[in-house]
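To start, the structure under review is shown below, and the notes come after it.
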Amino acid sequence: MILGSNGEKMSKSRGNVINPDDVVKEIGADAFRMYEMFMGAFDQAIPWSTNGARGCKRFLDRVWRLQDMIEEGEGYSEELMAEMHQTIKKVTEDYDSMKFNTAIAAMMSLVNAVYAKGSIRRAELETLLVLLNPVSPHMTEEMWQNIGHEKSIALSATWPEYDERKTVKAEVEIAVQICGKVRARLMVPADLAKEDAEAYFMDKPEVKKLIEGKAVKKFVFIPGRLVNIVAV
């Protein structure tokens with residue numbers, strides 16, 4: 001049940017009724033539809049938030065602008081490979097269990113990753129549009145047509161599949177601390193073992209520069225998170 005913004009059941013006597021037509025007029029049907037699915041779990045009573053609905057509209061505006069960020073290249077890029085397969089897996093599983101709010105959150109995270117990269121490949125955009133289509137059908141169908149498809153997503157697209165092996169990033173960002181203070185960040189192999197870490201980092205030009213002229217007293221490596229070098 002969608003409650004009024006004051007947390008009470010909607011009723012004319014309480015003056016907290018939301019008119020769907022007014023919402024559609026302001027933010028569009030797709031954003032309205034998305035917000036209803038993004039508000040929370042379907043088995044919970046959740047208060048309406050106009051700001052939350054507008055947030056969904058801003059997200060869809062970001063998705064729309066992805067059309068101007070398409071780059072050359074076949075398939076998924078290495079930079080977004082893990083995020084793409086992670087998102088396909090998450091959205092597929094969450095749709096099946098009717099956890100639409102977390103599925104939408106996963107797609108929002110993917111779009112953030114695309115903007116951080118600064119570009120998107122056609123295959124990546126097509127996958128995102130198919131995943132987003134059940135939530136925001138009108139805009140995704142229009143974008144599908146804009147990028148060259150004659151038939152609609154509903155009639156021509158197949159549901160994307162994920163590769164479990166590709167959901168894990170080949171590289172992770174590690175914070176490099178010198179005496180407890182973060183001095184650099186490096187991309188390192190995700191499977192870098194503890195026993196190999198010291199030799200790996202000590203051979204990096206960035207690390208050599210930070211500890212130049214100092215003696216290493218202690219080396220601590222936490223896989224996937226950070227390395228701390230005590231040097232005096």
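Residues are referred to by chain and number: the chain letter is A, B, ... according to the order shown in the structure tokens, the number counts from 1 in that chain, and ligands are numbered separately from 1 in the order shown.
When the distance limit is 10 Å and only C-alpha atoms are what count, the residues near Arg14 in chain A, minus those fewer than 6 positions from it on the same chain, are A:Gly4, A:Asn6, A:Glu8.
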Please dump the current selection as an mmCIF file, in the first residue's frame; keep N, CA and C atoms.
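part.cif, freshly written:
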data_model
loop_
_atom_site.group_PDB
_atom_site.id
_atom_site.type_symbol
_atom_site.label_atom_id
_atom_site.label_comp_id
_atom_site.auth_asym_id
_atom_site.auth_seq_id
_atom_site.Cartn_x
_atom_site.Cartn_y
_atom_site.Cartn_z
ATOM 1 N N GLY A 4 0.132 8.176 2.227
ATOM 2 C CA GLY A 4 0.354 9.583 1.962
ATOM 3 C C GLY A 4 1.750 9.982 2.436
ATOM 4 N N ASN A 6 2.522 11.839 4.652
ATOM 5 C CA ASN A 6 2.555 11.956 6.107
ATOM 6 C C ASN A 6 2.568 10.600 6.796
ATOM 7 N N GLU A 8 0.287 8.281 6.603
ATOM 8 C CA GLU A 8 -1.052 7.763 6.874
ATOM 9 C C GLU A 8 -1.704 7.281 5.578
#
> DSSP says strand (DSSP E or B) for which residues of range 168-225 of chain A? Put them as a list of chain:residue names?
Replying inline: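 Strand (DSSP E or B) assignments inside range 168-225 of chain A correspond to A:Glu171, A:Val172, A:Glu173, A:Ile174, A:Ala175, A:Val176, A:Gln177, A:Ile178, A:Lys181, A:Val182, A:Arg183, A:Ala184, A:Arg185, A:Leu186, A:Met187, A:Val188, A:Pro189, A:Val216, A:Lys217, A:Lys218, A:Phe219, A:Val220, A:Phe221, A:Ile222.
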Could the residues of range 105-173 of chain A that have an atom at most 12 Å from range 183-207 of chain A be listed as CSV, each with its closest atom pair and the distance in Å to one decimal, counting only C-alpha atoms and ordered by chain and ascending residue number?
residue,atom,partner,partner_atom,distance
A:Val168,CA,A:Ala190,CA,8.3
A:Lys169,CA,A:Ala190,CA,6.6
A:Ala170,CA,A:Ala190,CA,5.4
A:Glu171,CA,A:Pro189,CA,4.4
A:Val172,CA,A:Ala190,CA,5.3
A:Glu173,CA,A:Met187,CA,4.4
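Of the residues under consideration (A:Asp94, A:Lys89, A:Val176, A:Asn19), A:Val176 shows the shortest atom-to-atom contact distance to Ile229 in chain A when counting only C-alpha atoms.
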> Pick the closest to Lys166 in chain A from A:Leu80, A:Ala113, A:Met108, A:Ile147: which is it, counting only C-alpha atoms?
Replying inline: A:Leu80
> Counting only C-alpha atoms, which of A:Thr92, A:Asn101, A:Ser5, A:Lys57 gets nearest to Glu36 in chain A?
Replying inline: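 Of the candidates, the smallest distance to Glu36 in chain A is held by A:Asn101.
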>> For a quick check of understanding, using only C-alpha atoms, which of A:Ile178, A:Met143, A:Val230, A:Ala41 has the smallest distance to Leu210 in chain A?
In response: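 Using only C-alpha atoms, the shortest distance to Leu210 in chain A belongs to A:Ile178.
For the set A:Trp144, A:Asn16, A:Gly52, A:Ala45, the residue with the smallest atom-to-atom gap to Trp64 in chain A is A:Trp144, counting only C-alpha atoms.
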